[in-house]
Structure formats: structure tokens, C-alpha cells
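Asker: What follows is entry20.cif; its format and atoms are mmCIF, C-alpha atoms and all ligand atoms.
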```cif
data_entry
loop_
_atom_site.label_atom_id
_atom_site.label_comp_id
_atom_site.auth_asym_id
_atom_site.auth_seq_id
_atom_site.Cartn_x
_atom_site.Cartn_y
_atom_site.Cartn_z
CA MET A 1 0.00 0.00 0.00
CA THR A 2 1.35 3.41 -0.97
CA PRO A 3 2.09 5.57 2.09
CA LYS A 4 -0.20 8.60 2.25
CA LEU A 5 1.81 11.79 2.35
CA GLU A 6 -0.99 13.93 3.64
CA ALA A 7 0.64 16.82 5.44
CA VAL A 8 3.91 18.46 6.36
CA THR A 9 4.44 19.43 9.99
CA PHE A 10 5.75 22.85 10.97
CA PHE A 11 8.31 23.39 13.74
CA ASN A 12 5.40 24.61 15.91
CA GLY A 13 3.39 21.41 15.42
CA HIS A 14 0.81 22.83 12.99
CA LYS A 15 0.17 20.62 9.96
CA MET A 16 -0.17 21.89 6.40
CA PRO A 17 -2.00 19.54 3.99
CA ILE A 18 0.43 18.61 1.24
CA VAL A 19 -2.07 19.36 -1.56
CA GLY A 20 -3.92 22.66 -1.56
CA LEU A 21 -6.05 24.52 -4.07
CA GLY A 22 -4.40 27.53 -5.73
CA THR A 23 -6.70 30.50 -6.28
CA GLY A 24 -4.42 32.94 -8.12
CA GLN A 25 -6.00 33.84 -11.47
CA ALA A 26 -9.21 32.08 -10.44
CA SER A 27 -11.71 34.70 -11.55
CA LYS A 28 -14.55 36.10 -9.55
CA GLY A 29 -17.65 34.14 -10.48
CA GLU A 30 -15.73 30.87 -10.74
CA VAL A 31 -13.55 30.68 -7.64
CA GLY A 32 -16.48 30.02 -5.26
CA ARG A 33 -17.57 26.99 -7.27
CA ALA A 34 -13.95 25.79 -7.38
CA ILE A 35 -13.82 25.94 -3.57
CA ASP A 36 -17.06 23.93 -3.36
CA VAL A 37 -15.73 21.23 -5.67
CA ALA A 38 -12.38 21.14 -3.90
CA LEU A 39 -13.93 20.75 -0.45
CA GLU A 40 -16.27 18.05 -1.75
CA THR A 41 -13.23 16.28 -3.21
CA GLY A 42 -11.39 16.35 0.11
CA TYR A 43 -9.09 19.35 -0.19
CA ARG A 44 -8.63 21.02 3.19
CA HIS A 45 -6.00 23.58 2.21
CA ILE A 46 -6.75 26.76 0.22
CA ASP A 47 -4.04 29.13 -0.99
CA ALA A 48 -5.34 32.69 -1.23
CA ALA A 49 -3.83 36.18 -1.41
CA TYR A 50 -5.03 39.76 -1.04
CA LEU A 51 -3.44 40.35 -4.48
CA TYR A 52 -5.77 37.88 -6.22
CA GLY A 53 -8.80 40.07 -5.51
CA ASN A 54 -11.10 37.09 -4.91
CA GLU A 55 -10.95 36.57 -1.13
CA ALA A 56 -14.56 37.71 -0.62
CA GLU A 57 -15.94 34.99 -2.91
CA ILE A 58 -13.72 32.40 -1.19
CA GLY A 59 -15.06 33.64 2.15
CA GLN A 60 -18.66 33.24 0.99
CA ALA A 61 -18.01 29.67 -0.12
CA LEU A 62 -16.34 28.79 3.18
CA LYS A 63 -19.13 30.37 5.21
CA LYS A 64 -21.67 28.24 3.39
CA TRP A 65 -19.80 25.09 4.40
CA PHE A 66 -19.55 26.23 8.03
CA ASP A 67 -23.22 27.31 8.19
CA LEU A 68 -24.37 23.95 6.83
CA GLY A 69 -22.25 22.22 9.47
CA LYS A 70 -20.35 20.32 6.77
CA LEU A 71 -16.98 21.53 8.05
CA LYS A 72 -15.58 23.28 11.10
CA ARG A 73 -13.01 26.06 10.87
CA GLU A 74 -10.36 23.82 12.44
CA ASP A 75 -10.80 21.26 9.65
CA LEU A 76 -9.30 23.71 7.15
CA PHE A 77 -5.88 25.17 6.48
CA ILE A 78 -6.25 28.65 4.97
CA VAL A 79 -3.30 30.62 3.68
CA THR A 80 -3.27 34.23 2.58
CA LYS A 81 -0.58 36.78 1.81
CA LEU A 82 0.43 40.34 2.60
CA PRO A 83 0.47 42.34 -0.66
CA ALA A 84 3.63 44.19 -1.75
CA ILE A 85 1.83 47.53 -1.22
CA ALA A 86 1.73 46.67 2.50
CA ASN A 87 5.40 45.78 2.92
CA ARG A 88 5.92 48.04 5.90
CA ALA A 89 5.42 47.28 9.58
CA GLU A 90 2.53 49.70 10.13
CA SER A 91 0.47 48.19 7.26
CA VAL A 92 0.57 44.52 8.22
CA GLU A 93 -2.28 44.48 10.73
CA LYS A 94 -4.50 46.61 8.48
CA TYR A 95 -4.06 44.33 5.46
CA LEU A 96 -4.38 41.08 7.40
CA LYS A 97 -7.61 42.41 8.89
CA LYS A 98 -8.88 43.25 5.37
CA SER A 99 -8.13 39.69 4.24
CA LEU A 100 -9.78 38.18 7.32
CA GLU A 101 -12.85 40.31 6.82
CA ALA A 102 -13.13 39.26 3.17
CA LEU A 103 -12.54 35.61 4.03
CA GLN A 104 -15.01 35.90 6.95
CA LEU A 105 -12.48 34.27 9.26
CA ASN A 106 -11.03 35.11 12.68
CA TYR A 107 -7.60 33.77 11.80
CA VAL A 108 -5.58 32.28 8.98
CA ASP A 109 -3.49 29.18 9.41
CA LEU A 110 -0.56 30.74 7.58
CA TYR A 111 0.16 34.35 6.66
CA LEU A 112 2.92 34.92 4.12
CA ILE A 113 4.78 38.03 3.00
CA HIS A 114 3.97 37.73 -0.71
CA GLN A 115 7.32 39.08 -1.88
CA PRO A 116 10.23 40.98 -0.36
CA VAL A 117 10.04 43.97 -2.74
CA GLY A 118 7.76 46.72 -1.43
CA PHE A 119 5.46 48.84 -3.60
CA GLN A 120 4.01 52.23 -2.72
CA ASP A 121 0.44 52.17 -1.44
CA VAL A 122 -1.44 54.64 -3.60
CA GLY A 123 -5.10 54.17 -2.88
CA GLY A 124 -4.89 50.40 -2.57
CA ASP A 125 -4.01 49.60 -6.22
CA THR A 126 -2.06 46.32 -5.82
CA PHE A 127 0.18 46.94 -8.85
CA PRO A 128 0.61 50.74 -8.86
CA ARG A 129 2.40 52.20 -11.89
CA ASP A 130 3.48 55.74 -12.77
CA LYS A 131 2.40 57.53 -15.97
CA ASP A 132 5.23 55.78 -17.89
CA GLY A 133 4.02 52.39 -16.76
CA LYS A 134 6.80 51.82 -14.22
CA VAL A 135 5.85 50.08 -10.99
CA LEU A 136 5.98 52.48 -8.03
CA LEU A 137 8.52 50.88 -5.74
CA ASP A 138 8.97 51.65 -2.08
CA MET A 139 12.77 51.57 -1.80
CA ASN A 140 12.68 51.61 2.02
CA THR A 141 11.42 48.09 2.59
CA ASP A 142 12.82 46.80 5.88
CA ILE A 143 12.16 43.08 5.99
CA ILE A 144 13.17 42.73 9.63
CA SER A 145 10.72 45.30 10.99
CA LEU A 146 8.14 43.82 8.62
CA TRP A 147 8.74 40.41 10.16
CA LYS A 148 8.29 41.83 13.69
CA ALA A 149 4.86 43.06 12.60
CA MET A 150 4.10 39.58 11.24
CA GLU A 151 5.04 38.10 14.62
CA ALA A 152 2.62 40.50 16.30
CA GLN A 153 -0.17 38.94 14.20
CA VAL A 154 0.60 35.54 15.71
CA ASP A 155 0.56 37.09 19.18
CA ALA A 156 -2.83 38.63 18.40
CA GLY A 157 -4.20 35.26 17.24
CA ARG A 158 -4.86 36.43 13.68
CA ALA A 159 -2.34 33.95 12.19
CA HIS A 160 -1.35 30.56 13.59
CA SER A 161 1.90 30.52 11.61
CA ILE A 162 3.79 33.01 9.45
CA GLY A 163 6.08 32.60 6.49
CA LEU A 164 7.62 34.00 3.34
CA SER A 165 7.16 33.87 -0.39
CA ASN A 166 9.67 34.67 -3.14
CA PHE A 167 12.48 35.33 -0.66
CA ASN A 168 16.03 34.13 -1.39
CA SER A 169 18.24 32.17 1.01
CA SER A 170 20.12 35.15 2.44
CA GLN A 171 16.87 37.03 3.11
CA ILE A 172 15.43 33.94 4.80
CA LYS A 173 18.57 33.64 6.89
CA ARG A 174 18.40 37.29 7.96
CA ILE A 175 14.80 36.89 9.06
CA TRP A 176 15.39 33.52 10.67
CA GLN A 177 18.26 34.94 12.76
CA ALA A 178 16.29 37.99 13.89
CA ALA A 179 13.03 36.12 14.48
CA ARG A 180 11.30 35.53 17.79
CA ILE A 181 8.75 33.43 15.86
CA LYS A 182 10.49 31.57 13.01
CA PRO A 183 9.09 31.36 9.48
CA ALA A 184 7.22 28.07 9.14
CA ASN A 185 6.96 27.93 5.36
CA LEU A 186 8.45 29.34 2.18
CA GLN A 187 6.28 29.51 -0.94
CA VAL A 188 8.24 29.69 -4.18
CA GLU A 189 7.96 28.82 -7.85
CA LEU A 190 8.87 25.14 -8.06
CA HIS A 191 8.19 22.61 -10.80
CA ILE A 192 9.95 19.96 -12.81
CA TYR A 193 12.00 22.52 -14.82
CA PHE A 194 12.86 24.61 -11.75
CA GLN A 195 13.24 22.21 -8.88
CA GLN A 196 14.85 24.62 -6.41
CA ARG A 197 17.05 21.88 -4.94
CA GLU A 198 19.55 24.19 -3.20
CA LEU A 199 16.84 26.41 -1.73
CA ALA A 200 14.81 23.39 -0.55
CA ALA A 201 17.89 21.90 1.16
CA PHE A 202 18.64 25.27 2.73
CA CYS A 203 15.08 25.51 4.11
CA LYS A 204 15.17 21.94 5.37
CA ALA A 205 18.27 22.74 7.44
CA LEU A 206 16.34 25.62 9.09
CA ASP A 207 13.17 23.53 9.56
CA VAL A 208 11.27 25.78 7.16
CA THR A 209 8.81 23.78 5.03
CA VAL A 210 8.45 24.51 1.30
CA CYS A 211 5.34 25.02 -0.80
CA ALA A 212 5.51 24.91 -4.62
CA PHE A 213 3.59 27.48 -6.60
CA ALA A 214 3.10 26.92 -10.33
CA PRO A 215 3.65 23.16 -9.77
CA LEU A 216 2.19 22.42 -13.22
CA GLY A 217 4.26 25.11 -14.93
CA SER A 218 1.50 27.73 -14.78
CA PRO A 219 0.13 27.51 -18.36
CA GLN A 220 -1.98 30.63 -17.66
CA MET A 221 1.12 32.66 -16.83
CA PRO A 222 1.39 34.43 -20.23
CA ASN A 223 -2.15 35.84 -19.66
CA LEU A 224 -1.13 37.27 -16.30
CA PHE A 225 2.01 38.61 -17.86
CA HIS A 226 0.14 40.44 -20.62
CA ALA A 227 -2.54 41.68 -18.20
CA ARG A 228 0.13 43.29 -16.02
CA GLY A 229 1.94 44.83 -19.00
CA GLY A 230 5.17 42.78 -18.83
CA ASP A 231 8.18 42.91 -21.18
CA ALA A 232 7.40 40.17 -23.74
CA SER A 233 11.05 39.62 -24.68
CA LYS A 234 11.69 38.22 -21.20
CA LEU A 235 8.74 35.86 -21.06
CA VAL A 236 9.77 32.27 -20.32
CA SER A 237 6.94 29.92 -21.07
CA LEU A 238 7.61 26.23 -20.50
CA SER A 239 5.16 23.34 -20.69
CA PRO A 240 6.06 20.58 -18.25
CA MET A 241 2.67 18.91 -18.77
CA ARG A 242 3.78 18.25 -22.38
CA ASP A 243 7.26 16.95 -21.58
CA PRO A 244 7.81 13.57 -23.30
CA VAL A 245 9.52 12.01 -20.26
CA VAL A 246 6.61 13.04 -18.03
CA SER A 247 4.14 11.69 -20.64
CA ARG A 248 5.90 8.32 -20.81
CA ILE A 249 5.92 7.95 -17.01
CA ALA A 250 2.26 9.05 -16.84
CA GLU A 251 1.28 6.36 -19.34
CA LYS A 252 3.03 3.72 -17.26
CA TYR A 253 0.92 4.55 -14.17
CA LYS A 254 -2.27 5.31 -16.14
CA LYS A 255 -2.17 8.81 -14.71
CA THR A 256 -2.11 12.25 -16.34
CA THR A 257 1.07 14.26 -16.74
CA ALA A 258 -0.30 16.75 -14.18
CA GLN A 259 -0.66 13.96 -11.62
CA VAL A 260 2.90 12.78 -12.23
CA LEU A 261 4.25 16.33 -11.83
CA LEU A 262 2.36 16.81 -8.56
CA ARG A 263 3.32 13.39 -7.27
CA HIS A 264 7.00 14.02 -8.02
CA THR A 265 6.97 17.20 -5.91
CA VAL A 266 4.91 15.69 -3.11
CA GLN A 267 7.28 12.72 -2.92
CA ARG A 268 10.05 15.24 -2.24
CA GLY A 269 8.07 16.32 0.85
CA ILE A 270 7.08 19.62 -0.78
CA VAL A 271 3.53 21.02 -0.60
CA VAL A 272 1.76 21.70 -3.94
CA ILE A 273 -1.04 24.19 -4.64
CA PRO A 274 -2.22 23.54 -8.22
CA LYS A 275 -4.79 26.07 -9.37
CA SER A 276 -7.86 24.89 -11.23
CA VAL A 277 -11.44 26.06 -11.64
CA ASN A 278 -12.37 23.00 -13.69
CA PRO A 279 -14.16 20.32 -11.61
CA ASP A 280 -12.50 17.35 -13.35
CA ARG A 281 -9.05 18.84 -13.03
CA ILE A 282 -9.62 19.86 -9.39
CA LYS A 283 -10.45 16.19 -8.66
CA GLN A 284 -7.59 14.89 -10.78
CA ASN A 285 -5.03 17.04 -8.98
CA PHE A 286 -6.07 15.56 -5.63
CA ASP A 287 -6.01 11.97 -6.87
CA ILE A 288 -2.29 11.40 -6.45
CA PHE A 289 -2.19 9.23 -3.35
CA ASP A 290 -2.88 5.86 -4.94
CA PHE A 291 0.45 5.47 -6.70
CA GLU A 292 4.10 5.98 -5.89
CA LEU A 293 6.88 6.85 -8.34
CA THR A 294 9.82 4.45 -8.23
CA GLN A 295 13.29 5.73 -7.47
CA GLU A 296 14.14 5.25 -11.13
CA ASP A 297 11.22 7.46 -12.21
CA MET A 298 12.10 10.04 -9.57
CA ASP A 299 15.70 10.13 -10.88
CA GLU A 300 14.52 10.57 -14.44
CA LEU A 301 12.19 13.40 -13.44
CA ASP A 302 14.89 14.99 -11.27
CA ALA A 303 17.10 15.12 -14.37
CA LEU A 304 14.62 17.44 -16.16
CA ASP A 305 15.62 20.31 -13.87
CA LYS A 306 16.88 23.34 -15.84
CA GLY A 307 17.98 25.21 -12.72
CA PRO A 308 17.47 29.01 -12.82
CA LYS A 309 16.80 28.82 -16.59
CA GLY A 310 13.53 27.13 -15.65
CA ARG A 311 12.31 30.17 -13.68
CA MET A 312 9.18 31.60 -15.32
CA PHE A 313 8.13 34.14 -12.67
CA ASN A 314 11.09 36.43 -13.34
CA ASP A 315 11.41 40.21 -13.41
CA ALA A 316 9.63 40.51 -16.80
CA ILE A 317 6.28 41.69 -15.37
CA ALA A 318 7.97 44.63 -13.67
CA PRO A 319 11.67 44.92 -14.66
CA GLU A 320 12.16 47.94 -12.38
CA ARG A 321 11.78 45.57 -9.42
CA THR A 322 15.39 44.45 -10.04
CA LYS A 323 16.52 47.90 -8.81
CA HIS A 324 14.91 47.39 -5.40
CA PRO A 325 17.43 46.65 -2.61
CA GLU A 326 15.44 43.52 -1.67
CA TYR A 327 15.00 42.14 -5.20
CA PRO A 328 15.47 38.41 -4.47
CA PHE A 329 16.52 36.83 -7.75
CA HIS A 330 19.98 38.31 -8.31
CA GLU A 331 21.26 35.50 -6.11
CA ARG A 332 21.48 31.93 -7.36
CA TYR A 333 19.04 30.72 -4.70
N1 LIG B 1 3.46 33.30 -4.04
C1 LIG B 1 3.45 33.68 -5.30
O1 LIG B 1 4.12 34.64 -5.71
C2 LIG B 1 2.62 32.92 -6.28
C3 LIG B 1 2.81 33.09 -7.66
C4 LIG B 1 2.02 32.33 -8.54
C5 LIG B 1 1.09 31.43 -8.03
N2 LIG B 1 0.88 31.30 -6.69
C6 LIG B 1 -0.12 30.37 -6.12
O2 LIG B 1 0.13 29.08 -6.68
C7 LIG B 1 -1.04 28.62 -7.35
C8 LIG B 1 -0.67 27.73 -8.52
O3 LIG B 1 0.15 28.40 -9.44
P1 LIG B 1 -0.36 28.79 -10.92
O4 LIG B 1 -1.82 28.97 -10.87
O5 LIG B 1 0.47 29.90 -11.40
O6 LIG B 1 0.05 27.53 -11.81
P2 LIG B 1 -0.28 25.97 -11.87
O7 LIG B 1 -1.04 25.53 -10.69
O8 LIG B 1 1.01 25.32 -12.19
O9 LIG B 1 -1.18 25.88 -13.19
C9 LIG B 1 -2.52 26.29 -13.20
C10 LIG B 1 -3.02 26.19 -14.63
O10 LIG B 1 -3.02 24.84 -15.06
C11 LIG B 1 -4.35 24.44 -15.45
N3 LIG B 1 -4.54 23.10 -14.87
C12 LIG B 1 -4.77 22.80 -13.57
N4 LIG B 1 -4.85 21.48 -13.40
C13 LIG B 1 -4.66 20.92 -14.60
C14 LIG B 1 -4.66 19.58 -15.07
N5 LIG B 1 -4.83 18.56 -14.23
N6 LIG B 1 -4.46 19.36 -16.39
C15 LIG B 1 -4.29 20.41 -17.26
N7 LIG B 1 -4.30 21.70 -16.87
C16 LIG B 1 -4.47 21.96 -15.55
C17 LIG B 1 -5.29 25.48 -14.89
O11 LIG B 1 -6.39 25.68 -15.73
P3 LIG B 1 -7.92 25.42 -15.23
O12 LIG B 1 -8.17 26.33 -14.07
O13 LIG B 1 -8.73 25.76 -16.43
O14 LIG B 1 -7.97 23.96 -14.85
C18 LIG B 1 -4.40 26.73 -14.86
O15 LIG B 1 -4.39 27.34 -16.14
C19 LIG B 1 -1.76 29.91 -7.73
O16 LIG B 1 -3.09 29.70 -8.06
C20 LIG B 1 -1.55 30.72 -6.48
O17 LIG B 1 -2.46 30.31 -5.48
C21 LIG B 1 1.66 32.02 -5.81
#
```
Mind converting the file's structure to C-alpha cells?
Answerer:
Amino acid sequence: MTPKLEAVTFFNGHKMPIVGLGTGQASKGEVGRAIDVALETGYRHIDAAYLYGNEAEIGQALKKWFDLGKLKREDLFIVTKLPAIANRAESVEKYLKKSLEALQLNYVDLYLIHQPVGFQDVGGDTFPRDKDGKVLLDMNTDIISLWKAMEAQVDAGRAHSIGLSNFNSSQIKRIWQAARIKPANLQVELHIYFQQRELAAFCKALDVTVCAFAPLGSPQMPNLFHARGGDASKLVSLSPMRDPVVSRIAEKYKKTTAQVLLRHTVQRGIVVIPKSVNPDRIKQNFDIFDFELTQEDMDELDALDKGPKGRMFNDAIAPERTKHPEYPFHERY
């Protein structure tokens, strides 16, 4: 019988289900239904963010489940993220409260700093640009004082655990060393072409768990890129679900390529949050616990890693971010 890899355990004892539902780019009008299908399927982990603009619809769907007595709050693991426009200590409580209000929750299980680069907060626009289209950066981001404000949210009971997203190893180390409450989780781009092996090993040594965003290679990414006005010459668009090695292994197990990709990451002990609003695909992405990849298959899939060349979420959406003192991707990992 295949062992069920159902959750990873944080240093503080909290458990994060190893498969969650991604909600980035899940439009209003479809995300609520996706939550319904996911909860019916057995998902208990939802990955949200203030940036995605759909927390209110997620909150309505969750409330329905609680009101009907089908689930209790403690059955679920809800993640949301501090937007870049709130990357300063005095904004953390305000933005977490906004997310909690939209989600209709008293606390989140995990609150992440969405990215280390701060943007200016001009009337709440999450991607503020000047008249020439350049993102309005806040060059004074202080990630240590920001982290102290994150810790205060745990003290206040608004977040059970706190963590980071899109931070590099030296930023994680700086926070880890200064922290009274350590980061429990790092969420980063991670898929078969960008396996983040050095960063994952680094996190493991600090007892920081890892969650993979874009675990299927984010086929919708070019849409997001164009919507945010990115520099097309820098767009990296890879298709791991169409990789011939992944297809061959999928055929062997009578699984889809998506299932093989998710299983490969989960077998590394890394959490995955595939996004889907399609009922069949939501179910498919959760149905990865009835098979186990052999060591030989794992080795073959490991060998598809392109290292940093496999990074798709680069600086192309907002190249001026690279000028920010906390831009994370100048470093190898
Ligand atoms: N922290 C960050 O900075 C950050 C950045 C990006 C993403 N995220 C989080 O990570 C989540 C996942 O990342 P992502 O949405 O970029 O990429 P992804 O999960 O790798 O890919 C999602 C895309 O794949 C399609 N899809 C899903 N399941 C499929 C299947 N079984 N077969 C074929 N196609 C399938 C979806 O379309 P359908 O919906 O039509 O099925 C959607 O277009 C996001 O939703 C978000 O919650 C975080």
C-alpha cells in the first residue's frame, strides 16, 4: 500500500495539507464553485492572497460550508498573503484584517509576506504604476521590521503561523536569525523545470517547510504577464505537462502528466497548490495518493531540472523591481 503523504508538519506542530487549491487567477464568479468542488473532493487547504482580488468569494463559499455544518473552521488550512503595497510594519495588521474580513475568518493558518520587494500604497491599487508604466517601488522596505509586525499577528491570534514567499536564502537567513517566531513555510515557484534543490535543502536545514507554486508550470502565466503589462522579450513559457519524459511515465501509471508532476513534488516532501477552476481537473489534482513513483522514475524526473533557466516568474512583469534593494533573484538561490 502506498504511504499517504498527507501533510507536512511545521516546527510549531501545525500541519499543512500537502495538496492545496491555488486560487491565483481564479476569476470572480468561478472561484467560489472551485472551492465547493475542492472541499467536496477532500481538499482542506486553500491558498489565497489579497493580491488575487477574490478573497470575498472564497469567504462566501467557506461560510456556506460552516453554516451547513459540513466543516468546522479547524478542519481547514487557509493561507493568505500580505500584498507588496503593504510591505511596511505599520500596514501589516490593516491588510491582514482586510483579508480576514473578506474571508469571513477570525484567523488564517498561515500568513505569508507575498514578496520581499515593497510597492508604494497609492489608494490600494495592488500593482501601482506611474504615468510611464513603471511600478511604483517603495525603496525603504525593511524586511526585519516587517517580520516583527508579522510576529505580532501571531501574538494577536490572527495567524497561527507566518512565512515567506519569493524570498532568497540570504533574506530567509536574515529573518530567521532575527526572528522571535520563526518562518514556518516558504512559498516559491517550483516545478519539474525549476526544482529549487539548493533552496529546498537550505530551508530543510532551518526547519522551514516549502510550498511549490506553479507546480504544473502555470500555463496561464502568459495571460497574467500580458494583463500586467510585462516585457514580452523576457517571457519564459515552459510546458512541463507536455514533456515527453513526463508523458511516458504518466502512461506507465495510467495517470495524467499533471498527476505525475504533482506526485514528483509531493514525494520530495514539498507542498503543492495547483490552481484549477475546472471540476474534473480539481479532482484529478487531488487523486495522487494511490500510486508511488519508483526511485528510477524520480531520478529521471529529477534530471529534467533546468535550474534558474527554468524560472518563469522572473522580473519581466515589472523589470524595475530588479533595482529594489530587496529584489530576491539576483542570487542563485
Ligand atoms: N506566491 C506567489 O508569488 C505565487 C505566484 C504564482 C502562483 N501562486 C499560487 O500558486 C497557485 C498555482 O500556481 P499557478 O496557478 O500559477 O500555476 P499551476 O497551478 O502550475 O497551473 C494552473 C493552470 O493549469 C491548469 N490546470 C490545472 N490542473 C490541470 C490539469 N490537471 N491538467 C491540465 N491543466 C491543468 C489550470 O487551468 P484550469 O483552471 O482551467 O484547470 C491553470 O491554467 C496559484 O493559483 C496561487 O495560489 C503564488
Asker: Find the spatial neighbours of Lys81 in chain A, counting all atoms listed in the file, within a cut-off of 12 Å - ignore same-chain residues fewer than 2 positions away - and output them as number ranges by chain.
Answerer: A: 23-24, 46-53, 55, 78-79, 83-87, 92-93, 95-100, 108-116, 150, 159, 161-166, 186-187
Asker: Around ligand LIG 1 (chain B), out to 8 Å and counting all atoms listed in the file, which residues are there? I want them as a ChimeraX atom specification.
Answerer: /A:21-26,46-49,81,114-115,165-166,187-189,191,212-221,241,256-259,272-282,284-285,313
Asker: Restricting the calculation to all atoms listed in the file: of A:Phe286, A:Glu331, A:Tyr193, A:Pro319, which residue gets closest to Leu301 in chain A?
Answerer: A:Tyr193
Asker: (15.5, 43.4, 13.1) in this file's frame - what residues fall within 8 Å of it? Use all atoms listed in the file and give the answer as a compact mmCIF listing (two decimals) with C-alpha atoms, in the frame of the given file.
Answerer:
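The resulting file, result_29.txt, is reproduced below:
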```txt
# COMPACT_ATOMS: atom_id res chain seq x y z
CA ILE A 143 12.16 43.08 5.99
CA ILE A 144 13.17 42.73 9.63
CA SER A 145 10.72 45.30 10.99
CA TRP A 147 8.74 40.41 10.16
CA LYS A 148 8.29 41.83 13.69
CA ILE A 175 14.80 36.89 9.06
CA ALA A 178 16.29 37.99 13.89
CA ALA A 179 13.03 36.12 14.48
```
Asker: Which residue out of A:Ala156, A:Ala56, A:Ala318, A:Leu293 has the minimum interatomic distance to Asn106 in chain A when all atoms listed in the file are used?
Answerer: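 With all atoms listed in the file as the atom set, the closest residue is A:Ala156.
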Asker: Could you tell me how far CA of Pro222 in chain A lies from CA of Ser237 in chain A, in Å and to one decimal?
Answerer: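 Between CA of Pro222 in chain A and CA of Ser237 in chain A the gap works out to 7.2 Å.
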Asker: Rounded to one decimal, what separation in Å do you get between CA of Leu82 in chain A and CA of Val122 in chain A?
Answerer: 15.7 Å
Asker: So what do you get for CA of Ala61 in chain A versus CA of Leu224 in chain A, distance-wise?
Answerer: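 Result for CA of Ala61 in chain A versus CA of Leu224 in chain A: 24.6 Å, one decimal.
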Asker: Quick one: residues within 10 Å of Ser169 in chain A, only C-alpha atoms counted, chain neighbours fewer than 3 positions away excluded, as a PyMOL selection string?
Answerer: chain A and resi 166+172-175+198-200+202-203+328+331-333
